[in-house]
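Novice: What follows is the file coords-v4.cif, containing mmCIF, N, CA, C and O atoms:
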```cif
data_target
#
loop_
_atom_site.group_PDB
_atom_site.id
_atom_site.type_symbol
_atom_site.label_atom_id
_atom_site.label_comp_id
_atom_site.auth_asym_id
_atom_site.auth_seq_id
_atom_site.Cartn_x
_atom_site.Cartn_y
_atom_site.Cartn_z
ATOM 1 N N MET A 242 -15.271 -84.176 -15.939
ATOM 2 C CA MET A 242 -15.933 -83.229 -16.811
ATOM 3 C C MET A 242 -17.419 -83.227 -16.485
ATOM 4 O O MET A 242 -18.048 -84.269 -16.383
ATOM 5 N N THR A 243 -17.983 -82.050 -16.343
ATOM 6 C CA THR A 243 -19.406 -81.891 -16.100
ATOM 7 C C THR A 243 -20.034 -81.193 -17.297
ATOM 8 O O THR A 243 -19.529 -80.180 -17.766
ATOM 9 N N VAL A 244 -21.124 -81.736 -17.777
ATOM 10 C CA VAL A 244 -21.843 -81.150 -18.901
ATOM 11 C C VAL A 244 -23.111 -80.516 -18.357
ATOM 12 O O VAL A 244 -23.915 -81.178 -17.703
ATOM 13 N N GLU A 245 -23.305 -79.248 -18.626
ATOM 14 C CA GLU A 245 -24.503 -78.527 -18.192
ATOM 15 C C GLU A 245 -25.526 -78.566 -19.320
ATOM 16 O O GLU A 245 -25.338 -77.937 -20.360
ATOM 17 N N LEU A 246 -26.594 -79.342 -19.114
ATOM 18 C CA LEU A 246 -27.628 -79.474 -20.136
ATOM 19 C C LEU A 246 -28.665 -78.365 -20.071
ATOM 20 O O LEU A 246 -29.452 -78.206 -20.994
ATOM 21 N N GLY A 247 -28.694 -77.623 -18.996
ATOM 22 C CA GLY A 247 -29.688 -76.571 -18.854
ATOM 23 C C GLY A 247 -30.998 -77.122 -18.322
ATOM 24 O O GLY A 247 -31.144 -78.304 -18.050
ATOM 25 N N ARG A 248 -31.930 -76.251 -18.178
ATOM 26 C CA ARG A 248 -33.209 -76.626 -17.581
ATOM 27 C C ARG A 248 -34.202 -77.173 -18.609
ATOM 28 O O ARG A 248 -35.106 -77.927 -18.268
ATOM 29 N N TYR A 249 -34.052 -76.801 -19.859
ATOM 30 C CA TYR A 249 -35.021 -77.183 -20.890
ATOM 31 C C TYR A 249 -34.325 -77.811 -22.080
ATOM 32 O O TYR A 249 -33.177 -77.522 -22.381
ATOM 33 N N GLY A 250 -35.049 -78.656 -22.769
ATOM 34 C CA GLY A 250 -34.580 -79.271 -23.999
ATOM 35 C C GLY A 250 -35.779 -79.521 -24.891
ATOM 36 O O GLY A 250 -36.890 -79.096 -24.588
ATOM 37 N N ILE A 251 -35.557 -80.219 -25.983
ATOM 38 C CA ILE A 251 -36.670 -80.575 -26.863
ATOM 39 C C ILE A 251 -36.678 -82.080 -27.058
ATOM 40 O O ILE A 251 -35.664 -82.751 -26.913
ATOM 41 N N TRP A 252 -37.842 -82.621 -27.389
ATOM 42 C CA TRP A 252 -38.012 -84.028 -27.712
ATOM 43 C C TRP A 252 -38.499 -84.100 -29.146
ATOM 44 O O TRP A 252 -39.413 -83.384 -29.538
ATOM 45 N N ARG A 253 -37.877 -84.943 -29.919
ATOM 46 C CA ARG A 253 -38.304 -85.184 -31.298
ATOM 47 C C ARG A 253 -38.112 -86.655 -31.613
ATOM 48 O O ARG A 253 -37.182 -87.285 -31.127
ATOM 49 N N GLY A 254 -38.962 -87.180 -32.447
ATOM 50 C CA GLY A 254 -38.767 -88.535 -32.939
ATOM 51 C C GLY A 254 -37.529 -88.586 -33.816
ATOM 52 O O GLY A 254 -37.156 -87.593 -34.453
ATOM 53 N N ALA A 255 -36.878 -89.719 -33.859
ATOM 54 C CA ALA A 255 -35.633 -89.858 -34.609
ATOM 55 C C ALA A 255 -35.790 -89.450 -36.069
ATOM 56 O O ALA A 255 -34.899 -88.818 -36.640
ATOM 57 N N ARG A 256 -36.920 -89.778 -36.678
ATOM 58 C CA ARG A 256 -37.095 -89.459 -38.105
ATOM 59 C C ARG A 256 -37.241 -87.958 -38.364
ATOM 60 O O ARG A 256 -37.135 -87.511 -39.496
ATOM 61 N N ASP A 257 -37.503 -87.173 -37.303
ATOM 62 C CA ASP A 257 -37.693 -85.730 -37.453
ATOM 63 C C ASP A 257 -36.447 -84.919 -37.115
ATOM 64 O O ASP A 257 -36.521 -83.692 -37.066
ATOM 65 N N LEU A 258 -35.328 -85.584 -36.879
ATOM 66 C CA LEU A 258 -34.106 -84.879 -36.489
ATOM 67 C C LEU A 258 -33.084 -84.889 -37.602
ATOM 68 O O LEU A 258 -32.980 -85.840 -38.369
ATOM 69 N N ASN A 259 -32.323 -83.795 -37.679
ATOM 70 C CA ASN A 259 -31.209 -83.692 -38.612
ATOM 71 C C ASN A 259 -30.226 -82.669 -38.048
ATOM 72 O O ASN A 259 -30.564 -81.913 -37.127
ATOM 73 N N PRO A 260 -28.996 -82.646 -38.553
ATOM 74 C CA PRO A 260 -27.999 -81.724 -38.017
ATOM 75 C C PRO A 260 -28.395 -80.246 -38.101
ATOM 76 O O PRO A 260 -28.054 -79.458 -37.220
ATOM 77 N N GLU A 261 -29.139 -79.857 -39.128
ATOM 78 C CA GLU A 261 -29.557 -78.465 -39.258
ATOM 79 C C GLU A 261 -30.506 -78.074 -38.126
ATOM 80 O O GLU A 261 -30.389 -76.986 -37.549
ATOM 81 N N LEU A 262 -31.448 -78.953 -37.807
ATOM 82 C CA LEU A 262 -32.364 -78.690 -36.702
ATOM 83 C C LEU A 262 -31.602 -78.634 -35.378
ATOM 84 O O LEU A 262 -31.859 -77.763 -34.550
ATOM 85 N N ALA A 263 -30.640 -79.528 -35.194
ATOM 86 C CA ALA A 263 -29.838 -79.521 -33.967
ATOM 87 C C ALA A 263 -29.104 -78.193 -33.808
ATOM 88 O O ALA A 263 -29.039 -77.633 -32.705
ATOM 89 N N ALA A 264 -28.570 -77.662 -34.890
ATOM 90 C CA ALA A 264 -27.877 -76.368 -34.833
ATOM 91 C C ALA A 264 -28.847 -75.248 -34.460
ATOM 92 O O ALA A 264 -28.512 -74.367 -33.662
ATOM 93 N N GLN A 265 -30.052 -75.267 -35.014
ATOM 94 C CA GLN A 265 -31.047 -74.248 -34.680
ATOM 95 C C GLN A 265 -31.461 -74.334 -33.214
ATOM 96 O O GLN A 265 -31.603 -73.309 -32.538
ATOM 97 N N VAL A 266 -31.634 -75.547 -32.715
ATOM 98 C CA VAL A 266 -32.004 -75.752 -31.315
ATOM 99 C C VAL A 266 -30.909 -75.193 -30.403
ATOM 100 O O VAL A 266 -31.191 -74.524 -29.414
ATOM 101 N N GLU A 267 -29.657 -75.464 -30.756
ATOM 102 C CA GLU A 267 -28.535 -74.952 -29.964
ATOM 103 C C GLU A 267 -28.493 -73.423 -29.999
ATOM 104 O O GLU A 267 -28.284 -72.782 -28.966
ATOM 105 N N GLU A 268 -28.720 -72.835 -31.161
ATOM 106 C CA GLU A 268 -28.730 -71.375 -31.280
ATOM 107 C C GLU A 268 -29.827 -70.744 -30.425
ATOM 108 O O GLU A 268 -29.671 -69.631 -29.929
ATOM 109 N N LEU A 269 -30.936 -71.452 -30.252
ATOM 110 C CA LEU A 269 -32.037 -70.951 -29.430
ATOM 111 C C LEU A 269 -31.753 -71.085 -27.936
ATOM 112 O O LEU A 269 -32.521 -70.607 -27.112
ATOM 113 N N GLY A 270 -30.659 -71.748 -27.587
ATOM 114 C CA GLY A 270 -30.262 -71.847 -26.192
ATOM 115 C C GLY A 270 -30.688 -73.106 -25.463
ATOM 116 O O GLY A 270 -30.487 -73.213 -24.253
ATOM 117 N N PHE A 271 -31.270 -74.066 -26.172
ATOM 118 C CA PHE A 271 -31.650 -75.316 -25.526
ATOM 119 C C PHE A 271 -30.408 -76.167 -25.298
ATOM 120 O O PHE A 271 -29.509 -76.207 -26.136
ATOM 121 N N GLY A 272 -30.375 -76.869 -24.172
ATOM 122 C CA GLY A 272 -29.197 -77.642 -23.815
ATOM 123 C C GLY A 272 -29.275 -79.112 -24.125
ATOM 124 O O GLY A 272 -28.300 -79.835 -23.939
ATOM 125 N N ALA A 273 -30.420 -79.599 -24.596
ATOM 126 C CA ALA A 273 -30.553 -81.035 -24.838
ATOM 127 C C ALA A 273 -31.585 -81.309 -25.919
ATOM 128 O O ALA A 273 -32.537 -80.565 -26.090
ATOM 129 N N ILE A 274 -31.351 -82.389 -26.637
ATOM 130 C CA ILE A 274 -32.325 -82.945 -27.568
ATOM 131 C C ILE A 274 -32.502 -84.398 -27.159
ATOM 132 O O ILE A 274 -31.535 -85.156 -27.086
ATOM 133 N N TRP A 275 -33.733 -84.774 -26.867
ATOM 134 C CA TRP A 275 -34.035 -86.156 -26.539
ATOM 135 C C TRP A 275 -34.554 -86.827 -27.797
ATOM 136 O O TRP A 275 -35.481 -86.337 -28.434
ATOM 137 N N ILE A 276 -33.953 -87.959 -28.148
ATOM 138 C CA ILE A 276 -34.330 -88.691 -29.357
ATOM 139 C C ILE A 276 -35.387 -89.722 -28.977
ATOM 140 O O ILE A 276 -35.110 -90.661 -28.238
ATOM 141 N N GLY A 277 -36.594 -89.533 -29.487
ATOM 142 C CA GLY A 277 -37.684 -90.449 -29.177
ATOM 143 C C GLY A 277 -37.848 -91.533 -30.217
ATOM 144 O O GLY A 277 -37.175 -91.538 -31.250
ATOM 145 N N GLY A 278 -38.736 -92.451 -29.933
ATOM 146 C CA GLY A 278 -39.071 -93.478 -30.899
ATOM 147 C C GLY A 278 -38.267 -94.752 -30.769
ATOM 148 O O GLY A 278 -38.182 -95.522 -31.713
ATOM 149 N N SER A 279 -37.649 -94.997 -29.642
ATOM 150 C CA SER A 279 -36.865 -96.211 -29.417
ATOM 151 C C SER A 279 -35.885 -96.468 -30.548
ATOM 152 O O SER A 279 -35.962 -97.474 -31.255
ATOM 153 N N PRO A 280 -34.947 -95.525 -30.761
ATOM 154 C CA PRO A 280 -33.982 -95.721 -31.847
ATOM 155 C C PRO A 280 -33.142 -96.964 -31.597
ATOM 156 O O PRO A 280 -32.984 -97.400 -30.461
ATOM 157 N N GLY A 281 -32.611 -97.498 -32.672
ATOM 158 C CA GLY A 281 -31.781 -98.698 -32.579
ATOM 159 C C GLY A 281 -30.518 -98.462 -31.754
ATOM 160 O O GLY A 281 -30.257 -97.359 -31.289
ATOM 161 N N GLY A 282 -29.747 -99.514 -31.579
ATOM 162 C CA GLY A 282 -28.570 -99.456 -30.731
ATOM 163 C C GLY A 282 -27.406 -98.658 -31.306
ATOM 164 O O GLY A 282 -26.507 -98.281 -30.569
ATOM 165 N N ASP A 283 -27.400 -98.390 -32.602
ATOM 166 C CA ASP A 283 -26.274 -97.622 -33.127
ATOM 167 C C ASP A 283 -26.477 -96.138 -32.835
ATOM 168 O O ASP A 283 -27.595 -95.664 -32.673
ATOM 169 N N LEU A 284 -25.392 -95.429 -32.741
ATOM 170 C CA LEU A 284 -25.436 -94.015 -32.349
ATOM 171 C C LEU A 284 -25.178 -93.074 -33.521
ATOM 172 O O LEU A 284 -24.830 -91.923 -33.314
ATOM 173 N N GLN A 285 -25.378 -93.544 -34.737
ATOM 174 C CA GLN A 285 -25.088 -92.736 -35.922
ATOM 175 C C GLN A 285 -25.866 -91.413 -35.905
ATOM 176 O O GLN A 285 -25.293 -90.366 -36.178
ATOM 177 N N LEU A 286 -27.160 -91.447 -35.588
ATOM 178 C CA LEU A 286 -27.941 -90.205 -35.550
ATOM 179 C C LEU A 286 -27.418 -89.261 -34.479
ATOM 180 O O LEU A 286 -27.195 -88.081 -34.739
ATOM 181 N N ALA A 287 -27.211 -89.766 -33.278
ATOM 182 C CA ALA A 287 -26.694 -88.924 -32.191
ATOM 183 C C ALA A 287 -25.339 -88.337 -32.557
ATOM 184 O O ALA A 287 -25.075 -87.156 -32.310
ATOM 185 N N GLU A 288 -24.466 -89.135 -33.154
ATOM 186 C CA GLU A 288 -23.154 -88.638 -33.570
ATOM 187 C C GLU A 288 -23.280 -87.522 -34.605
ATOM 188 O O GLU A 288 -22.563 -86.517 -34.529
ATOM 189 N N SER A 289 -24.191 -87.659 -35.555
ATOM 190 C CA SER A 289 -24.342 -86.628 -36.593
ATOM 191 C C SER A 289 -24.910 -85.342 -35.986
ATOM 192 O O SER A 289 -24.551 -84.238 -36.411
ATOM 193 N N LEU A 290 -25.792 -85.457 -34.987
ATOM 194 C CA LEU A 290 -26.350 -84.267 -34.344
ATOM 195 C C LEU A 290 -25.297 -83.553 -33.510
ATOM 196 O O LEU A 290 -25.277 -82.321 -33.455
ATOM 197 N N LEU A 291 -24.442 -84.313 -32.856
ATOM 198 C CA LEU A 291 -23.386 -83.702 -32.034
ATOM 199 C C LEU A 291 -22.296 -83.055 -32.881
ATOM 200 O O LEU A 291 -21.685 -82.087 -32.451
ATOM 201 N N ALA A 292 -22.065 -83.597 -34.074
ATOM 202 C CA ALA A 292 -21.021 -83.045 -34.946
ATOM 203 C C ALA A 292 -21.425 -81.664 -35.377
ATOM 204 O O ALA A 292 -20.676 -80.759 -35.535
#
```
Could you spell out this file's structure in structure tokens?

Specialist:
Amino acid sequence: MTVELGRYGIWRGARDLNPELAAQVEELGFGAIWIGGSPGGDLQLAESLLA
């Protein structure tokens, strides 16, 4: 399986991300969100954004 992330994405600190923002970013055509701020080892935030 190949995932096409596109040429552009956005970077946001973990505390500034939520599923609603992720949906808006996707609607705008961005292919990636980079989570900044050295988030901990659990993937709960990433999982909620992908859902």

Novice: Write out as a CSV table (one decimal) with N, CA, C and O atoms, in the frame of the given file which residues come within 7 Å of Leu286 (chain A) when counting only N, CA, C and O atoms, dropping same-chain ones fewer than 5 positions away.

Specialist:
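File written: selection-v1.csv
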```
chain,number,residue,atom,x,y,z
A,260,PRO,N,-29.0,-82.6,-38.6
A,260,PRO,CA,-28.0,-81.7,-38.0
A,260,PRO,C,-28.4,-80.2,-38.1
A,260,PRO,O,-28.1,-79.5,-37.2
A,291,LEU,N,-24.4,-84.3,-32.9
A,291,LEU,CA,-23.4,-83.7,-32.0
A,291,LEU,C,-22.3,-83.1,-32.9
A,291,LEU,O,-21.7,-82.1,-32.5
A,292,ALA,N,-22.1,-83.6,-34.1
A,292,ALA,CA,-21.0,-83.0,-34.9
A,292,ALA,C,-21.4,-81.7,-35.4
A,292,ALA,O,-20.7,-80.8,-35.5
```

Novice: Might I get the box with edges along x, y and z of the file that holds all atoms of region 273-279 of chain A listed there, padded by 8 Å on every side, given as centre and edge lengths in Å to one decimal, as lines of an AutoDock Vina configuration file?

Specialist:
```
center_x = -34.7
center_y = -88.5
center_z = -28.2
size_x = 24.7
size_y = 33.9
size_z = 23.1
```

Novice: Quick check for you: according to DSSP on this backbone, which residues of chain A are classed as strand (DSSP E or B)? Reply as number ranges by chain.

Specialist: A: 251-254, 274-277

Novice: I need the alpha helix (DSSP H) residues of chain A per DSSP on the backbone, written as an NGL selection string.

Specialist: :A and (260-268 or 285-291)

Novice: A:Leu284, A:Leu290, A:Leu258, A:Ala273: which is nearest Glu245 (chain A), counting only N, CA, C and O atoms?

Specialist: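 Ranked by minimum distance to Glu245 (chain A), first place goes to A:Ala273.
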
Novice: Show which residues sit within 8 Å of Ser289 (chain A), as a list in words. Count only N, CA, C and O atoms, and ignore same-chain residues fewer than 4 positions away.

Specialist: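 Residues near the query, excluding close chain neighbours: Asn259, Pro260, Glu261, Ala263, Ala264, Leu284 and Gln285 of chain A.
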
Novice: With all heavy atoms as the target, complete region 275-286 of chain A and hand it back as an mmCIF file, in the frame of the given file.

Specialist:
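Dumped everything to result-v7.cif:
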```cif
data_model
loop_
_atom_site.group_PDB
_atom_site.id
_atom_site.type_symbol
_atom_site.label_atom_id
_atom_site.label_comp_id
_atom_site.auth_asym_id
_atom_site.auth_seq_id
_atom_site.Cartn_x
_atom_site.Cartn_y
_atom_site.Cartn_z
ATOM 1 N N TRP A 275 -33.733 -84.774 -26.867
ATOM 2 C CA TRP A 275 -34.035 -86.156 -26.539
ATOM 3 C C TRP A 275 -34.554 -86.827 -27.797
ATOM 4 O O TRP A 275 -35.481 -86.337 -28.434
ATOM 5 C CB TRP A 275 -35.064 -86.245 -25.420
ATOM 6 C CG TRP A 275 -34.510 -85.782 -24.116
ATOM 7 C CD1 TRP A 275 -33.726 -86.493 -23.254
ATOM 8 C CD2 TRP A 275 -34.677 -84.494 -23.525
ATOM 9 N NE1 TRP A 275 -33.396 -85.716 -22.168
ATOM 10 C CE2 TRP A 275 -33.974 -84.475 -22.306
ATOM 11 C CE3 TRP A 275 -35.363 -83.329 -23.906
ATOM 12 C CZ2 TRP A 275 -33.932 -83.383 -21.473
ATOM 13 C CZ3 TRP A 275 -35.318 -82.233 -23.080
ATOM 14 C CH2 TRP A 275 -34.615 -82.266 -21.879
ATOM 15 N N ILE A 276 -33.953 -87.959 -28.148
ATOM 16 C CA ILE A 276 -34.330 -88.691 -29.357
ATOM 17 C C ILE A 276 -35.387 -89.722 -28.977
ATOM 18 O O ILE A 276 -35.110 -90.661 -28.238
ATOM 19 C CB ILE A 276 -33.109 -89.381 -29.992
ATOM 20 C CG1 ILE A 276 -32.025 -88.345 -30.305
ATOM 21 C CG2 ILE A 276 -33.535 -90.135 -31.246
ATOM 22 C CD1 ILE A 276 -30.711 -88.956 -30.751
ATOM 23 N N GLY A 277 -36.594 -89.533 -29.487
ATOM 24 C CA GLY A 277 -37.684 -90.449 -29.177
ATOM 25 C C GLY A 277 -37.848 -91.533 -30.217
ATOM 26 O O GLY A 277 -37.175 -91.538 -31.250
ATOM 27 N N GLY A 278 -38.736 -92.451 -29.933
ATOM 28 C CA GLY A 278 -39.071 -93.478 -30.899
ATOM 29 C C GLY A 278 -38.267 -94.752 -30.769
ATOM 30 O O GLY A 278 -38.182 -95.522 -31.713
ATOM 31 N N SER A 279 -37.649 -94.997 -29.642
ATOM 32 C CA SER A 279 -36.865 -96.211 -29.417
ATOM 33 C C SER A 279 -35.885 -96.468 -30.548
ATOM 34 O O SER A 279 -35.962 -97.474 -31.255
ATOM 35 C CB SER A 279 -37.786 -97.426 -29.236
ATOM 36 O OG SER A 279 -38.623 -97.255 -28.134
ATOM 37 N N PRO A 280 -34.947 -95.525 -30.761
ATOM 38 C CA PRO A 280 -33.982 -95.721 -31.847
ATOM 39 C C PRO A 280 -33.142 -96.964 -31.597
ATOM 40 O O PRO A 280 -32.984 -97.400 -30.461
ATOM 41 C CB PRO A 280 -33.135 -94.449 -31.808
ATOM 42 C CG PRO A 280 -33.307 -93.899 -30.440
ATOM 43 C CD PRO A 280 -34.675 -94.330 -29.986
ATOM 44 N N GLY A 281 -32.611 -97.498 -32.672
ATOM 45 C CA GLY A 281 -31.781 -98.698 -32.579
ATOM 46 C C GLY A 281 -30.518 -98.462 -31.754
ATOM 47 O O GLY A 281 -30.257 -97.359 -31.289
ATOM 48 N N GLY A 282 -29.747 -99.514 -31.579
ATOM 49 C CA GLY A 282 -28.570 -99.456 -30.731
ATOM 50 C C GLY A 282 -27.406 -98.658 -31.306
ATOM 51 O O GLY A 282 -26.507 -98.281 -30.569
ATOM 52 N N ASP A 283 -27.400 -98.390 -32.602
ATOM 53 C CA ASP A 283 -26.274 -97.622 -33.127
ATOM 54 C C ASP A 283 -26.477 -96.138 -32.835
ATOM 55 O O ASP A 283 -27.595 -95.664 -32.673
ATOM 56 C CB ASP A 283 -26.058 -97.889 -34.620
ATOM 57 C CG ASP A 283 -26.929 -97.065 -35.539
ATOM 58 O OD1 ASP A 283 -26.751 -95.835 -35.553
ATOM 59 O OD2 ASP A 283 -27.765 -97.641 -36.268
ATOM 60 N N LEU A 284 -25.392 -95.429 -32.741
ATOM 61 C CA LEU A 284 -25.436 -94.015 -32.349
ATOM 62 C C LEU A 284 -25.178 -93.074 -33.521
ATOM 63 O O LEU A 284 -24.830 -91.923 -33.314
ATOM 64 C CB LEU A 284 -24.419 -93.768 -31.234
ATOM 65 C CG LEU A 284 -24.682 -94.533 -29.942
ATOM 66 C CD1 LEU A 284 -23.549 -94.306 -28.946
ATOM 67 C CD2 LEU A 284 -26.015 -94.143 -29.343
ATOM 68 N N GLN A 285 -25.378 -93.544 -34.737
ATOM 69 C CA GLN A 285 -25.088 -92.736 -35.922
ATOM 70 C C GLN A 285 -25.866 -91.413 -35.905
ATOM 71 O O GLN A 285 -25.293 -90.366 -36.178
ATOM 72 C CB GLN A 285 -25.393 -93.516 -37.191
ATOM 73 C CG GLN A 285 -25.037 -92.761 -38.449
ATOM 74 C CD GLN A 285 -25.281 -93.603 -39.697
ATOM 75 O OE1 GLN A 285 -25.771 -94.724 -39.632
ATOM 76 N NE2 GLN A 285 -24.959 -93.045 -40.841
ATOM 77 N N LEU A 286 -27.160 -91.447 -35.588
ATOM 78 C CA LEU A 286 -27.941 -90.205 -35.550
ATOM 79 C C LEU A 286 -27.418 -89.261 -34.479
ATOM 80 O O LEU A 286 -27.195 -88.081 -34.739
ATOM 81 C CB LEU A 286 -29.425 -90.505 -35.321
ATOM 82 C CG LEU A 286 -30.319 -89.257 -35.153
ATOM 83 C CD1 LEU A 286 -30.259 -88.362 -36.387
ATOM 84 C CD2 LEU A 286 -31.737 -89.660 -34.836
#
```
